[in-house]
file entry04.txt (compact mmCIF, N, CA and C atoms)
# COMPACT_ATOMS: atom_id res chain seq x y z
N MET A 1314 -9.73 -18.41 16.61
CA MET A 1314 -8.98 -19.09 15.59
C MET A 1314 -9.08 -18.42 14.21
N PRO A 1315 -10.23 -17.85 13.81
CA PRO A 1315 -10.30 -17.21 12.49
C PRO A 1315 -9.36 -16.01 12.36
N LYS A 1316 -9.11 -15.31 13.47
CA LYS A 1316 -8.18 -14.17 13.41
C LYS A 1316 -6.77 -14.65 13.10
N LYS A 1317 -6.38 -15.78 13.70
CA LYS A 1317 -5.05 -16.32 13.45
C LYS A 1317 -4.92 -16.77 12.00
N LEU A 1318 -5.97 -17.38 11.47
CA LEU A 1318 -5.95 -17.82 10.09
C LEU A 1318 -5.89 -16.63 9.14
N ALA A 1319 -6.58 -15.55 9.48
CA ALA A 1319 -6.53 -14.34 8.66
C ALA A 1319 -5.13 -13.73 8.67
N ILE A 1320 -4.48 -13.72 9.82
CA ILE A 1320 -3.13 -13.18 9.91
C ILE A 1320 -2.16 -14.01 9.07
N VAL A 1321 -2.30 -15.32 9.12
CA VAL A 1321 -1.42 -16.20 8.33
C VAL A 1321 -1.66 -15.97 6.84
N GLY A 1322 -2.92 -15.88 6.43
CA GLY A 1322 -3.23 -15.64 5.02
C GLY A 1322 -2.72 -14.30 4.53
N LEU A 1323 -2.89 -13.28 5.37
CA LEU A 1323 -2.40 -11.96 4.99
C LEU A 1323 -0.89 -11.91 4.91
N SER A 1324 -0.21 -12.61 5.80
CA SER A 1324 1.25 -12.62 5.75
C SER A 1324 1.76 -13.35 4.52
N VAL A 1325 1.05 -14.40 4.09
CA VAL A 1325 1.44 -15.10 2.86
C VAL A 1325 1.25 -14.18 1.65
N CYS A 1326 0.14 -13.45 1.61
CA CYS A 1326 -0.09 -12.51 0.50
C CYS A 1326 0.94 -11.39 0.49
N LEU A 1327 1.28 -10.89 1.66
CA LEU A 1327 2.28 -9.82 1.74
C LEU A 1327 3.65 -10.33 1.28
N ALA A 1328 4.02 -11.53 1.70
CA ALA A 1328 5.30 -12.10 1.29
C ALA A 1328 5.32 -12.36 -0.22
N ALA A 1329 4.21 -12.83 -0.78
CA ALA A 1329 4.14 -13.06 -2.22
C ALA A 1329 4.25 -11.74 -2.99
N GLY A 1330 3.66 -10.68 -2.47
CA GLY A 1330 3.77 -9.38 -3.12
C GLY A 1330 5.20 -8.87 -3.13
N PHE A 1331 5.88 -8.97 -1.99
CA PHE A 1331 7.27 -8.54 -1.96
C PHE A 1331 8.14 -9.44 -2.82
N LEU A 1332 7.85 -10.74 -2.85
CA LEU A 1332 8.61 -11.66 -3.69
C LEU A 1332 8.48 -11.31 -5.16
N LEU A 1333 7.27 -11.01 -5.61
CA LEU A 1333 7.08 -10.60 -7.00
C LEU A 1333 7.83 -9.32 -7.32
N SER A 1334 7.84 -8.38 -6.40
CA SER A 1334 8.55 -7.13 -6.64
C SER A 1334 10.06 -7.34 -6.71
N ILE A 1335 10.58 -8.16 -5.82
CA ILE A 1335 12.02 -8.44 -5.83
C ILE A 1335 12.39 -9.26 -7.07
N LEU A 1336 11.55 -10.23 -7.43
CA LEU A 1336 11.84 -11.03 -8.62
C LEU A 1336 11.75 -10.22 -9.90
N SER A 1337 10.91 -9.19 -9.92
CA SER A 1337 10.85 -8.34 -11.11
C SER A 1337 12.17 -7.61 -11.32
N CYS A 1338 12.92 -7.43 -10.26
CA CYS A 1338 14.25 -6.83 -10.37
C CYS A 1338 15.30 -7.89 -10.69
N ALA A 1339 15.30 -8.97 -9.94
CA ALA A 1339 16.38 -9.95 -10.02
C ALA A 1339 16.36 -10.76 -11.32
N LEU A 1340 15.19 -11.12 -11.81
CA LEU A 1340 15.13 -11.96 -13.00
C LEU A 1340 15.55 -11.24 -14.27
N TYR A 1341 15.36 -9.94 -14.30
CA TYR A 1341 15.65 -9.19 -15.52
C TYR A 1341 16.89 -8.30 -15.40
N GLY A 1342 17.61 -8.40 -14.29
CA GLY A 1342 18.89 -7.72 -14.14
C GLY A 1342 18.81 -6.21 -14.08
N ASN A 1343 17.68 -5.69 -13.67
CA ASN A 1343 17.52 -4.25 -13.57
C ASN A 1343 16.85 -3.95 -12.24
N TRP A 1344 17.48 -3.11 -11.44
CA TRP A 1344 17.00 -2.89 -10.08
C TRP A 1344 16.15 -1.63 -9.93
N TRP A 1345 15.76 -1.00 -11.01
CA TRP A 1345 14.91 0.18 -10.92
C TRP A 1345 13.52 -0.11 -10.34
N PRO A 1346 12.91 -1.27 -10.60
CA PRO A 1346 11.59 -1.51 -9.98
C PRO A 1346 11.63 -1.59 -8.46
N LEU A 1347 12.82 -1.67 -7.88
CA LEU A 1347 12.92 -1.71 -6.43
C LEU A 1347 12.45 -0.40 -5.79
N LEU A 1348 12.42 0.68 -6.57
CA LEU A 1348 11.89 1.95 -6.05
C LEU A 1348 10.43 1.83 -5.63
N VAL A 1349 9.71 0.93 -6.28
CA VAL A 1349 8.30 0.73 -5.96
C VAL A 1349 8.15 0.14 -4.56
N VAL A 1350 9.09 -0.69 -4.15
CA VAL A 1350 9.02 -1.30 -2.82
C VAL A 1350 9.10 -0.23 -1.74
N PHE A 1351 9.84 0.83 -1.99
CA PHE A 1351 9.93 1.91 -1.01
C PHE A 1351 8.59 2.64 -0.86
N THR A 1352 7.82 2.72 -1.95
CA THR A 1352 6.50 3.34 -1.82
C THR A 1352 5.55 2.47 -1.02
N TYR A 1353 5.77 1.12 -1.04
CA TYR A 1353 4.94 0.25 -0.21
C TYR A 1353 5.14 0.57 1.27
N ALA A 1354 6.37 0.82 1.64
CA ALA A 1354 6.68 1.06 3.04
C ALA A 1354 6.25 2.45 3.48
N ILE A 1355 6.30 3.41 2.57
CA ILE A 1355 6.01 4.80 2.94
C ILE A 1355 4.51 5.13 2.82
N ALA A 1356 3.78 4.43 1.96
CA ALA A 1356 2.38 4.78 1.67
C ALA A 1356 1.46 4.83 2.89
N PRO A 1357 1.52 3.89 3.84
CA PRO A 1357 0.59 3.97 4.98
C PRO A 1357 0.97 5.03 6.02
N LEU A 1358 2.17 5.56 5.96
CA LEU A 1358 2.62 6.49 6.99
C LEU A 1358 1.80 7.79 7.09
N PRO A 1359 1.45 8.45 5.97
CA PRO A 1359 0.65 9.68 6.13
C PRO A 1359 -0.69 9.45 6.82
N ASN A 1360 -1.36 8.33 6.50
CA ASN A 1360 -2.62 8.04 7.19
C ASN A 1360 -2.40 7.75 8.66
N ALA A 1361 -1.31 7.09 8.99
CA ALA A 1361 -1.02 6.80 10.39
C ALA A 1361 -0.67 8.07 11.16
N ILE A 1362 0.05 8.97 10.54
CA ILE A 1362 0.46 10.20 11.22
C ILE A 1362 -0.69 11.19 11.32
N PHE A 1363 -1.38 11.43 10.21
CA PHE A 1363 -2.42 12.45 10.18
C PHE A 1363 -3.80 11.90 10.54
N GLY A 1364 -3.92 10.60 10.76
CA GLY A 1364 -5.22 9.99 11.08
C GLY A 1364 -5.78 10.40 12.42
N GLN A 1365 -4.94 10.89 13.32
CA GLN A 1365 -5.42 11.30 14.64
C GLN A 1365 -6.22 12.59 14.59
N TYR A 1366 -6.19 13.29 13.47
CA TYR A 1366 -6.92 14.55 13.36
C TYR A 1366 -8.32 14.38 12.78
N VAL A 1367 -8.74 13.14 12.57
CA VAL A 1367 -10.07 12.85 12.06
C VAL A 1367 -11.07 12.91 13.20
N SER A 1368 -12.25 13.44 12.94
CA SER A 1368 -13.28 13.54 13.95
C SER A 1368 -13.80 12.15 14.31
N ALA A 1369 -14.07 11.94 15.59
CA ALA A 1369 -14.56 10.64 16.05
C ALA A 1369 -16.04 10.46 15.73
N ASP A 1370 -16.75 11.55 15.50
CA ASP A 1370 -18.18 11.48 15.22
C ASP A 1370 -18.39 11.28 13.71
N PRO A 1371 -18.96 10.15 13.29
CA PRO A 1371 -19.14 9.92 11.86
C PRO A 1371 -20.20 10.83 11.23
N LEU A 1372 -21.09 11.39 12.03
CA LEU A 1372 -22.13 12.26 11.50
C LEU A 1372 -21.71 13.72 11.46
N ALA A 1373 -20.54 14.03 11.99
CA ALA A 1373 -20.06 15.40 11.97
C ALA A 1373 -19.72 15.80 10.54
N ASP A 1374 -20.10 17.01 10.18
CA ASP A 1374 -19.87 17.50 8.83
C ASP A 1374 -18.59 18.34 8.76
N VAL A 1375 -17.72 18.14 9.72
CA VAL A 1375 -16.49 18.90 9.78
C VAL A 1375 -15.36 18.05 9.19
N SER A 1376 -14.59 18.64 8.30
CA SER A 1376 -13.47 17.93 7.69
C SER A 1376 -12.19 18.62 8.08
N SER A 1377 -11.23 17.85 8.52
CA SER A 1377 -9.95 18.39 8.92
C SER A 1377 -9.04 18.47 7.70
N SER A 1378 -8.46 19.64 7.47
CA SER A 1378 -7.58 19.79 6.33
C SER A 1378 -6.29 19.01 6.51
N VAL A 1379 -5.88 18.79 7.75
CA VAL A 1379 -4.67 18.01 8.00
C VAL A 1379 -4.90 16.55 7.64
N ALA A 1380 -6.06 16.01 8.02
CA ALA A 1380 -6.39 14.62 7.68
C ALA A 1380 -6.55 14.47 6.17
N ASP A 1381 -7.15 15.47 5.52
CA ASP A 1381 -7.28 15.41 4.06
C ASP A 1381 -5.92 15.45 3.38
N PHE A 1382 -4.99 16.21 3.92
CA PHE A 1382 -3.65 16.26 3.36
C PHE A 1382 -2.95 14.91 3.51
N GLY A 1383 -3.17 14.23 4.64
CA GLY A 1383 -2.63 12.89 4.83
C GLY A 1383 -3.19 11.91 3.83
N ARG A 1384 -4.49 11.99 3.57
CA ARG A 1384 -5.10 11.12 2.56
C ARG A 1384 -4.55 11.42 1.17
N PHE A 1385 -4.32 12.71 0.89
CA PHE A 1385 -3.77 13.10 -0.39
C PHE A 1385 -2.36 12.53 -0.58
N LEU A 1386 -1.52 12.63 0.45
CA LEU A 1386 -0.17 12.08 0.35
C LEU A 1386 -0.19 10.57 0.16
N THR A 1387 -1.09 9.90 0.85
CA THR A 1387 -1.21 8.45 0.69
C THR A 1387 -1.62 8.10 -0.73
N SER A 1388 -2.58 8.83 -1.27
CA SER A 1388 -3.02 8.53 -2.63
C SER A 1388 -1.93 8.82 -3.66
N VAL A 1389 -1.13 9.86 -3.44
CA VAL A 1389 -0.01 10.14 -4.34
C VAL A 1389 0.99 8.99 -4.32
N LEU A 1390 1.29 8.47 -3.14
CA LEU A 1390 2.24 7.37 -3.03
C LEU A 1390 1.71 6.08 -3.65
N VAL A 1391 0.42 5.81 -3.46
CA VAL A 1391 -0.17 4.60 -4.05
C VAL A 1391 -0.19 4.69 -5.58
N VAL A 1392 -0.59 5.84 -6.10
CA VAL A 1392 -0.62 6.01 -7.56
C VAL A 1392 0.80 5.95 -8.14
N SER A 1393 1.77 6.51 -7.44
CA SER A 1393 3.14 6.42 -7.94
C SER A 1393 3.67 4.99 -7.85
N GLY A 1394 3.19 4.22 -6.90
CA GLY A 1394 3.58 2.81 -6.83
C GLY A 1394 3.10 2.01 -8.01
N PHE A 1395 1.95 2.38 -8.57
CA PHE A 1395 1.46 1.70 -9.77
C PHE A 1395 1.98 2.36 -11.04
N GLY A 1396 2.18 3.66 -11.02
CA GLY A 1396 2.57 4.38 -12.22
C GLY A 1396 4.05 4.29 -12.55
N LEU A 1397 4.89 4.16 -11.55
CA LEU A 1397 6.33 4.14 -11.79
C LEU A 1397 6.76 2.96 -12.67
N PRO A 1398 6.28 1.74 -12.45
CA PRO A 1398 6.66 0.65 -13.36
C PRO A 1398 6.17 0.88 -14.79
N VAL A 1399 5.01 1.50 -14.95
CA VAL A 1399 4.49 1.78 -16.29
C VAL A 1399 5.39 2.78 -17.00
N VAL A 1400 5.80 3.83 -16.29
CA VAL A 1400 6.67 4.84 -16.89
C VAL A 1400 8.04 4.25 -17.22
N LEU A 1401 8.58 3.43 -16.31
CA LEU A 1401 9.87 2.80 -16.57
C LEU A 1401 9.80 1.85 -17.76
N SER A 1402 8.71 1.14 -17.91
CA SER A 1402 8.54 0.25 -19.05
C SER A 1402 8.37 1.03 -20.34
N HIS A 1403 7.63 2.10 -20.29
CA HIS A 1403 7.41 2.93 -21.47
C HIS A 1403 8.71 3.58 -21.94
N ALA A 1404 9.57 3.92 -21.00
CA ALA A 1404 10.85 4.54 -21.35
C ALA A 1404 11.88 3.50 -21.80
N GLY A 1405 11.57 2.22 -21.69
CA GLY A 1405 12.48 1.17 -22.12
C GLY A 1405 13.53 0.81 -21.09
N ILE A 1406 13.35 1.27 -19.86
CA ILE A 1406 14.32 0.98 -18.80
C ILE A 1406 14.13 -0.43 -18.26
N ILE A 1407 12.87 -0.86 -18.13
CA ILE A 1407 12.59 -2.22 -17.68
C ILE A 1407 11.74 -2.91 -18.75
N THR A 1408 11.67 -4.23 -18.68
CA THR A 1408 10.86 -4.98 -19.64
C THR A 1408 9.39 -4.95 -19.22
N SER A 1409 8.54 -5.31 -20.15
CA SER A 1409 7.11 -5.31 -19.84
C SER A 1409 6.75 -6.40 -18.83
N MET A 1410 7.47 -7.52 -18.86
CA MET A 1410 7.21 -8.58 -17.88
C MET A 1410 7.60 -8.13 -16.47
N ALA A 1411 8.69 -7.39 -16.35
CA ALA A 1411 9.08 -6.84 -15.05
C ALA A 1411 8.03 -5.84 -14.56
N MET A 1412 7.45 -5.09 -15.50
CA MET A 1412 6.38 -4.15 -15.13
C MET A 1412 5.16 -4.91 -14.59
N PHE A 1413 4.76 -5.97 -15.28
CA PHE A 1413 3.60 -6.74 -14.83
C PHE A 1413 3.85 -7.39 -13.47
N MET A 1414 5.06 -7.90 -13.27
CA MET A 1414 5.37 -8.51 -11.98
C MET A 1414 5.39 -7.47 -10.86
N SER A 1415 5.91 -6.30 -11.14
CA SER A 1415 5.96 -5.25 -10.13
C SER A 1415 4.56 -4.74 -9.79
N ILE A 1416 3.71 -4.58 -10.79
CA ILE A 1416 2.34 -4.13 -10.53
C ILE A 1416 1.55 -5.21 -9.79
N SER A 1417 1.77 -6.48 -10.15
CA SER A 1417 1.08 -7.58 -9.44
C SER A 1417 1.51 -7.63 -7.98
N GLY A 1418 2.79 -7.43 -7.73
CA GLY A 1418 3.27 -7.36 -6.35
C GLY A 1418 2.65 -6.19 -5.61
N GLY A 1419 2.50 -5.07 -6.29
CA GLY A 1419 1.86 -3.91 -5.67
C GLY A 1419 0.41 -4.16 -5.32
N VAL A 1420 -0.31 -4.84 -6.20
CA VAL A 1420 -1.71 -5.18 -5.92
C VAL A 1420 -1.80 -6.06 -4.68
N LEU A 1421 -0.90 -7.04 -4.58
CA LEU A 1421 -0.92 -7.92 -3.41
C LEU A 1421 -0.56 -7.18 -2.13
N VAL A 1422 0.44 -6.31 -2.18
CA VAL A 1422 0.85 -5.59 -0.96
C VAL A 1422 -0.21 -4.60 -0.53
N TYR A 1423 -0.69 -3.78 -1.47
CA TYR A 1423 -1.71 -2.79 -1.11
C TYR A 1423 -3.03 -3.47 -0.70
N GLY A 1424 -3.37 -4.56 -1.38
CA GLY A 1424 -4.57 -5.31 -1.00
C GLY A 1424 -4.46 -5.88 0.40
N THR A 1425 -3.27 -6.36 0.75
CA THR A 1425 -3.05 -6.88 2.11
C THR A 1425 -3.22 -5.79 3.15
N ILE A 1426 -2.69 -4.61 2.86
CA ILE A 1426 -2.81 -3.49 3.80
C ILE A 1426 -4.28 -3.11 3.99
N ILE A 1427 -5.03 -3.07 2.89
CA ILE A 1427 -6.44 -2.68 2.98
C ILE A 1427 -7.25 -3.73 3.73
N VAL A 1428 -7.03 -5.00 3.43
CA VAL A 1428 -7.78 -6.07 4.11
C VAL A 1428 -7.43 -6.11 5.59
N TYR A 1429 -6.16 -5.94 5.92
CA TYR A 1429 -5.76 -5.93 7.33
C TYR A 1429 -6.43 -4.79 8.08
N SER A 1430 -6.45 -3.60 7.47
CA SER A 1430 -7.04 -2.47 8.18
C SER A 1430 -8.55 -2.61 8.34
N THR A 1431 -9.22 -3.29 7.41
CA THR A 1431 -10.66 -3.47 7.57
C THR A 1431 -10.99 -4.61 8.53
N LEU A 1432 -10.19 -5.67 8.53
CA LEU A 1432 -10.46 -6.79 9.43
C LEU A 1432 -10.20 -6.46 10.89
N PHE A 1433 -9.18 -5.68 11.15
CA PHE A 1433 -8.76 -5.45 12.52
C PHE A 1433 -9.02 -4.03 12.99
N ARG A 1434 -10.00 -3.39 12.39
CA ARG A 1434 -10.41 -2.06 12.83
C ARG A 1434 -11.14 -2.18 14.16
N GLU A 1435 -10.82 -1.30 15.09
CA GLU A 1435 -11.48 -1.35 16.40
C GLU A 1435 -12.92 -0.90 16.27
N GLN A 1436 -13.79 -1.69 16.84
CA GLN A 1436 -15.20 -1.36 16.85
C GLN A 1436 -15.49 -0.41 18.00
N GLN A 1437 -16.14 0.72 17.69
CA GLN A 1437 -16.49 1.68 18.72
C GLN A 1437 -17.90 1.39 19.21
N SER A 1438 -18.08 1.41 20.51
CA SER A 1438 -19.40 1.16 21.06
C SER A 1438 -20.19 2.46 21.11
N ASP A 1439 -21.50 2.34 21.09
CA ASP A 1439 -22.37 3.50 21.12
C ASP A 1439 -22.63 3.99 22.53
N PHE A 1440 -22.18 3.27 23.54
CA PHE A 1440 -22.49 3.63 24.91
C PHE A 1440 -21.32 4.27 25.58
call {"tool": "encode", "arguments": {"input": "entry04.txt", "output": "structure tokens"}}
result
Amino acid sequence: MPKKLAIVGLSVCLAAGFLLSILSCALYGNWWPLLVVFTYAIAPLPNAIFGQYVSADPLADVSSSVADFGRFLTSVLVVSGFGLPVVLSHAGIITSMAMFMSISGGVLVYGTIIVYSTLFREQQSDF
């Protein structure tokens, strides 16, 4: 039962994050913050694609450059998801309230992704 409750809670947080992002566009009549929503969808993809190149042994001192490149792409997308509303607000394209709503939506969406991946990570047995 706790897993089902976690899924429901995470889905509510994800929906609230997308709602804040869409409302930051709709309430202020400017659809430029919608570009941030595309980074939400694209950000987990590099880790999903390049994650298979990570070593299964946690004590191994070997680092895969392909996996590191996937992490780099993910970090670029996450930083651009937070930075794009700030740049648009600084340039006067969107209002500061739309920037705050878009960043708050981003925190909820990215936080949901992180919590989901930590809660439902497969446990590896030692045997």
call {"tool": "residues_around", "arguments": {"input": "entry04.txt", "residues": "stretch 1326-1341 of chain A", "least_positions_apart": "6", "cutoff": "8 Å", "atoms": "all atoms listed in the file", "output": "VMD selection string"}}
result
chain A and resid 1320 1347 1349 to 1350 1407 to 1408 1410 to 1426
call {"tool": "atom_distance", "arguments": {"input": "entry04.txt", "atom1": "atom CA of A:Ala1319", "atom2": "atom CA of A:Phe1433"}}
result
9.9 Å
call {"tool": "select_by_dssp", "arguments": {"input": "entry04.txt", "residues": "chain A", "states": "alpha helix (DSSP H)", "output": "ChimeraX atom specification"}}
result
/A:1315-1339,1347-1355,1358-1363,1378-1403,1409-1432
call {"tool": "closest_residue", "arguments": {"input": "entry04.txt", "among": "A:Ser1324, A:Asn1360, A:Ser1430, A:Asn1343", "to": "A:Leu1401", "atoms": "only C-alpha atoms"}}
result
A:Asn1343
call {"tool": "atom_distance", "arguments": {"input": "entry04.txt", "atom1": "atom CA of A:Pro1357", "atom2": "atom C of A:Thr1387"}}
result
7.4 Å
call {"tool": "atom_distance", "arguments": {"input": "entry04.txt", "atom1": "atom CA of A:Gly1383", "atom2": "atom CA of A:Phe1363"}}
result
5.4 Å
call {"tool": "axis_aligned_box", "arguments": {"input": "entry04.txt", "around": "stretch 1421-1436 of chain A", "padding_each_side": "4 Å", "output": "lines of an AutoDock Vina configuration file"}}
result
center_x = -7.3
center_y = -4.2
center_z = 6.7
size_x = 24.3
size_y = 15.5
size_z = 30.6
call {"tool": "closest_residue", "arguments": {"input": "entry04.txt", "among": "A:Phe1385, A:Trp1345, A:Phe1395, A:Tyr1429", "to": "A:Pro1359", "atoms": "only N, CA and C atoms"}}
result
A:Phe1385
